[in-house]
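K.L.:
Got a structure here, written out as structure tokens. Questions coming.
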Amino acid sequence: MTPGARHLYVHLPFCAHRCGYCDFVTAVGRHSQHAGYVDALLSELALERGVLASELDTVFLGGGTPTFTEPRALERLLASLPPASEVTVEANPETVTQELAHMLRAQGVNRISLGVQSFRPHLLEVLDRVVQPDTVRRAFHHLRDAGFDNISFDLIYGIPGQAPHDLDADLADALELGPEHMSCYELEAKPGTRFTHAHGEDLERQADSMESYFELVVERLTGAGYRWYETANFCRVSDRDLRSRHNLAYWLGRDYLGIGMGAVSTIGGRRWRNTPRLAGYLEALGRGAVPEREIEPLSIDVLRRERVMLGLRLDEPLVLGDLARVVDDRVVSRLEVLGLVQSDTDRQTLTLTRRGRFLGGGVTADLLA
Ligand SMILES: C[S@@+](CC[C@H](N)C(=O)[O-])C[C@H]1O[C@@H](n2cnc3c(N)ncnc32)[C@H](O)[C@@H]1O
Ligand code: SF4
């Protein structure tokens with residue numbers, strides 16, 4: 001008998017347009033379907049309520065562009081979701097008005113993840129972003145004025161046309177606003193997409209610079225007093241713990257329920273992914289049935305490997321316990337000599353060193369038996 005998942009992800013797929021680099025489950029426009037989609041989400045939540053704990057730690061509304069959802073539908077959704085200590089909404093800057101910021105606050109949202117990506121107009125254009133840097137600043141101030149004291153920025157680096165001084169300037173612009181949290185992602189471009197076709201050569205050039213961009217990000221943000229608590233995530237050091245509690249739950253291998261089209265859940269050793277088709281999702285829930293799903297049973301071995309892969313992304317030592325079974329002791333010794341991992345005296349915990357963290361997934365994959 002599991003005590004129930006304490007983390008809820010809600011997928012809101014609608015966007016004003018599709019950005020060329022984006023590989024998320026999205027749907028463009030569809031205003032007339034927003035209210036119906038919220039009905040479907042609430043039906044799915046009612047069907048799955050039993051897998052959730054009576055009290056939740058975190059709720060995360062991700063997208064798509066949650067703040068592009070028709071405001072009355074979004075408000076109704078927020079009012080109907082179970083309360084949680086951390087409630088995050090992803091927002092695109094151009095959608096953040098004073099009214100929206102106040103509505104989110106009034107509905108119990110206490111954390112905003114703002115999709116900034118860059119403050120350089122030429123790079124925003126490459127990314128198909130409709131926003132101007134000043135729109136980002138305005139959105140940030142609307143959120144602050146509405147009382148948000150936990151704001152995160154998403155930034156992307158390795159954008160075609162980006163030079164190191166552009167990234168430096170992006171980081172400086174972000175730091176000037178001083179959000180509580182920043183996520184800095186290396187641009188991933190899927191082979192075979194229009195974006196990759198249009199920027200192929202430049203993407204290859206950028207791939208060669210990724211390591212130095214990553215180092216620049218870590219150097220600048222830690223130098224400005226942010227804690228590098230996860231490979232791509234930084235939070236201001238303060239008397240509050242400003243790490244993303246929702247994402248920490250993923251990295252620590254906690255159970256979570258995901259609702260919405262394309263949403264993934266992992267509960268009690270089973271992972272399932274809802275259909276990414278809007279029509280199919282709405283149709284199933286319209287007749288009170290669970291949507292079509294891909295179900296993947298997860299063996300203990302797979303779960304342990306995931307825990308090691310994800311746990312070593314964090315700056316805190318990974319407590320091995322049963323996880324020691326999937327870690328190759330000889331590789332640990334070798335990587336210790338190379339200065340990439342650190343373990344305590346009796347191998348109870350494992351941490352990547354600063355150098356190991358820069359090399360990231362490659363080091364962790366080597367460690368797995
Ligand atoms: C669910 S996405 C999009 C949220 C929001 N709609 C936006 O565009 O800002 C969350 C974040 O993932 C990152 N992201 C999306 N596509 C990416 C890609 N191809 N490579 C790297 N990061 C990406 C962006 O930083 C984005 O803010
Ligand atoms: S707005 Fe965000 S989710 Fe929508 S297409 Fe652009 S990057 Fe993807």
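Letters A, B, ... go to the chains of the structure tokens in the order shown; residues in each chain start at 1; ligands are counted from 1 in the same order.
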Find the residues near ligand 2. Use a cut-off of 9 Å, count only C-alpha atoms and all ligand atoms, and write them as a list in words.
P.N.:
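The residues near ligand 2 are Pro13, Phe14, Cys15, Ala16, His17, Arg18, Cys19, Gly20, Tyr21, Cys22, Asp23, Phe24, Val25, Thr26, Ala27, Val28, Gly62, Gly63, Gly64, Thr65, Pro66, Phe68, Ala91, Asn92, Gly115, Leu127, Asp128 and Arg129 of chain A.
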K.L.:
Those same residues - N, CA, C and O atoms - I'd like them written as a compact mmCIF listing (two decimals), in the first residue's frame.
P.N.:
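Written out: out.txt:
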```
# COMPACT_ATOMS: atom_id res chain seq x y z
N PRO A 13 -1.28 22.48 -22.92
CA PRO A 13 -0.50 22.40 -24.16
C PRO A 13 -0.60 23.60 -25.10
O PRO A 13 0.17 23.70 -26.05
N PHE A 14 -1.52 24.53 -24.82
CA PHE A 14 -1.81 25.56 -25.84
C PHE A 14 -0.71 26.61 -25.90
O PHE A 14 -0.18 27.04 -24.88
N CYS A 15 -0.39 27.03 -27.13
CA CYS A 15 0.60 28.09 -27.37
C CYS A 15 0.08 28.99 -28.48
O CYS A 15 -0.72 28.56 -29.32
N ALA A 16 0.57 30.25 -28.50
CA ALA A 16 0.16 31.19 -29.54
C ALA A 16 0.70 30.76 -30.90
O ALA A 16 0.07 30.94 -31.93
N HIS A 17 1.90 30.22 -30.89
CA HIS A 17 2.48 29.69 -32.13
C HIS A 17 3.53 28.65 -31.72
O HIS A 17 3.84 28.53 -30.55
N ARG A 18 4.05 27.96 -32.73
CA ARG A 18 5.03 26.94 -32.38
C ARG A 18 6.45 27.45 -32.64
O ARG A 18 6.77 27.86 -33.75
N CYS A 19 7.29 27.42 -31.62
CA CYS A 19 8.68 27.85 -31.79
C CYS A 19 9.45 26.69 -32.45
O CYS A 19 9.25 25.53 -32.08
N GLY A 20 10.31 27.05 -33.39
CA GLY A 20 10.97 26.04 -34.23
C GLY A 20 11.74 24.99 -33.46
O GLY A 20 11.83 23.84 -33.88
N TYR A 21 12.32 25.33 -32.31
CA TYR A 21 13.22 24.42 -31.59
C TYR A 21 12.46 23.52 -30.62
O TYR A 21 13.04 22.64 -29.98
N CYS A 22 11.15 23.76 -30.47
CA CYS A 22 10.40 23.14 -29.37
C CYS A 22 9.92 21.73 -29.73
O CYS A 22 9.38 21.50 -30.80
N ASP A 23 10.11 20.83 -28.78
CA ASP A 23 9.71 19.44 -29.00
C ASP A 23 8.71 18.98 -27.94
O ASP A 23 8.56 17.80 -27.67
N PHE A 24 8.06 19.95 -27.29
CA PHE A 24 7.08 19.58 -26.26
C PHE A 24 5.72 19.28 -26.90
O PHE A 24 5.49 19.61 -28.07
N VAL A 25 4.83 18.68 -26.12
CA VAL A 25 3.49 18.37 -26.63
C VAL A 25 2.67 19.65 -26.57
O VAL A 25 2.33 20.13 -25.48
N THR A 26 2.41 20.23 -27.75
CA THR A 26 1.73 21.54 -27.79
C THR A 26 0.58 21.51 -28.80
O THR A 26 0.50 20.60 -29.64
N ALA A 27 -0.28 22.52 -28.72
CA ALA A 27 -1.35 22.70 -29.70
C ALA A 27 -1.48 24.21 -29.92
O ALA A 27 -1.52 24.96 -28.94
N VAL A 28 -1.48 24.64 -31.16
CA VAL A 28 -1.49 26.08 -31.44
C VAL A 28 -2.93 26.61 -31.45
O VAL A 28 -3.82 26.02 -32.08
N GLY A 62 2.69 23.05 -16.35
CA GLY A 62 3.70 23.24 -17.40
C GLY A 62 3.06 23.14 -18.78
O GLY A 62 1.89 22.78 -18.93
N GLY A 63 3.87 23.47 -19.77
CA GLY A 63 3.27 23.52 -21.11
C GLY A 63 4.20 23.04 -22.19
O GLY A 63 5.22 22.41 -21.92
N GLY A 64 3.80 23.43 -23.40
CA GLY A 64 2.86 24.46 -23.75
C GLY A 64 3.09 25.80 -23.03
O GLY A 64 4.12 26.05 -22.45
N THR A 65 2.08 26.60 -23.08
CA THR A 65 2.12 27.90 -22.42
C THR A 65 0.91 27.99 -21.49
O THR A 65 -0.16 28.45 -21.92
N PRO A 66 1.03 27.56 -20.24
CA PRO A 66 -0.13 27.60 -19.34
C PRO A 66 -0.81 28.96 -19.32
O PRO A 66 -2.04 29.06 -19.28
N PHE A 68 -1.14 31.04 -21.64
CA PHE A 68 -1.87 31.36 -22.88
C PHE A 68 -3.29 30.80 -22.79
O PHE A 68 -4.18 31.18 -23.55
N ALA A 91 5.21 30.50 -17.35
CA ALA A 91 4.59 31.64 -18.03
C ALA A 91 5.49 32.14 -19.15
O ALA A 91 6.72 32.21 -18.97
N ASN A 92 4.91 32.48 -20.28
CA ASN A 92 5.66 33.16 -21.33
C ASN A 92 5.52 34.66 -21.08
O ASN A 92 4.40 35.15 -20.83
N GLY A 115 9.63 31.88 -19.06
CA GLY A 115 10.40 31.43 -20.22
C GLY A 115 11.09 32.60 -20.91
O GLY A 115 10.61 33.13 -21.89
N LEU A 127 15.00 32.02 -32.26
CA LEU A 127 14.18 31.03 -31.54
C LEU A 127 12.69 31.16 -31.86
O LEU A 127 11.88 30.47 -31.25
N ASP A 128 12.33 32.06 -32.79
CA ASP A 128 10.91 32.30 -33.13
C ASP A 128 10.13 32.88 -31.97
O ASP A 128 8.91 32.70 -31.89
N ARG A 129 10.81 33.53 -31.03
CA ARG A 129 10.09 34.12 -29.91
C ARG A 129 9.52 35.46 -30.36
O ARG A 129 10.23 36.24 -30.99
```
K.L.:
For stretch 244-252 of chain A, work out the shell of residues within 10 Å, counting only C-alpha atoms and skipping chain neighbours fewer than 3 positions away, then give it as a PyMOL selection string.
P.N.:
chain A and resi 6-9+57-60+85-88+111+113+150+152+181-183+229-230+233-235+241+255-256+266+306-314+318
K.L.:
Just give me the gap between atom CA of A:Arg293 and atom CA of A:Leu61 in Å, one decimal is fine.
P.N.:
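Answer for the atom CA of A:Arg293 to atom CA of A:Leu61 separation: 20.2 Å.
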K.L.:
Compare A:Ala146, A:Leu278, A:Ile295, A:Val126 by their minimum atom-to-atom distance to A:His34, counting only C-alpha atoms, and give me the closest one.
P.N.:
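Nearest candidate to A:His34 out of A:Ala146, A:Leu278, A:Ile295, A:Val126: A:Leu278.
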K.L.:
Check the smallest atom-to-atom distance from each of A:Leu143, A:Ala106, A:Ile159, A:Ala79 to ligand 1 using only C-alpha atoms and all ligand atoms, then report the winner.
P.N.:
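The answer is A:Ile159, which sits nearest to ligand 1.
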K.L.:
If we count only C-alpha atoms and set the cut-off at 6 Å, which residues sit around stretch 337-343 of chain A, ignoring sequence neighbours fewer than 4 positions away in its own chain? Please answer as a VMD selection string.
P.N.:
chain A and resid 347 349 to 353 355 to 356
K.L.:
With N, CA and C atoms retained, export the selected residues as a PDB file, in the first residue's frame.
P.N.:
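Result went into part15.pdb, see below:
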```
ATOM      1  N   ARG A 347      31.985   4.387   1.576  1.00  0.00           N
ATOM      2  CA  ARG A 347      31.172   4.310   0.350  1.00  0.00           C
ATOM      3  C   ARG A 347      29.664   4.325   0.604  1.00  0.00           C
ATOM      4  N   THR A 349      27.987   7.224   0.499  1.00  0.00           N
ATOM      5  CA  THR A 349      27.451   8.276  -0.374  1.00  0.00           C
ATOM      6  C   THR A 349      28.402   8.537  -1.530  1.00  0.00           C
ATOM      7  N   LEU A 350      27.839   9.142  -2.567  1.00  0.00           N
ATOM      8  CA  LEU A 350      28.608   9.441  -3.782  1.00  0.00           C
ATOM      9  C   LEU A 350      28.223  10.844  -4.245  1.00  0.00           C
ATOM     10  N   THR A 351      29.216  11.605  -4.667  1.00  0.00           N
ATOM     11  CA  THR A 351      28.941  12.947  -5.211  1.00  0.00           C
ATOM     12  C   THR A 351      29.874  13.163  -6.394  1.00  0.00           C
ATOM     13  N   LEU A 352      29.417  13.862  -7.421  1.00  0.00           N
ATOM     14  CA  LEU A 352      30.339  14.239  -8.492  1.00  0.00           C
ATOM     15  C   LEU A 352      31.110  15.463  -8.019  1.00  0.00           C
ATOM     16  N   THR A 353      32.395  15.521  -8.356  1.00  0.00           N
ATOM     17  CA  THR A 353      33.169  16.725  -8.058  1.00  0.00           C
ATOM     18  C   THR A 353      32.755  17.800  -9.063  1.00  0.00           C
ATOM     19  N   ARG A 355      34.474  19.051 -11.431  1.00  0.00           N
ATOM     20  CA  ARG A 355      34.851  18.607 -12.788  1.00  0.00           C
ATOM     21  C   ARG A 355      33.918  17.516 -13.293  1.00  0.00           C
ATOM     22  N   GLY A 356      33.575  16.608 -12.396  1.00  0.00           N
ATOM     23  CA  GLY A 356      32.652  15.525 -12.760  1.00  0.00           C
ATOM     24  C   GLY A 356      31.298  16.080 -13.177  1.00  0.00           C
TER      25      GLY A 356
END
```
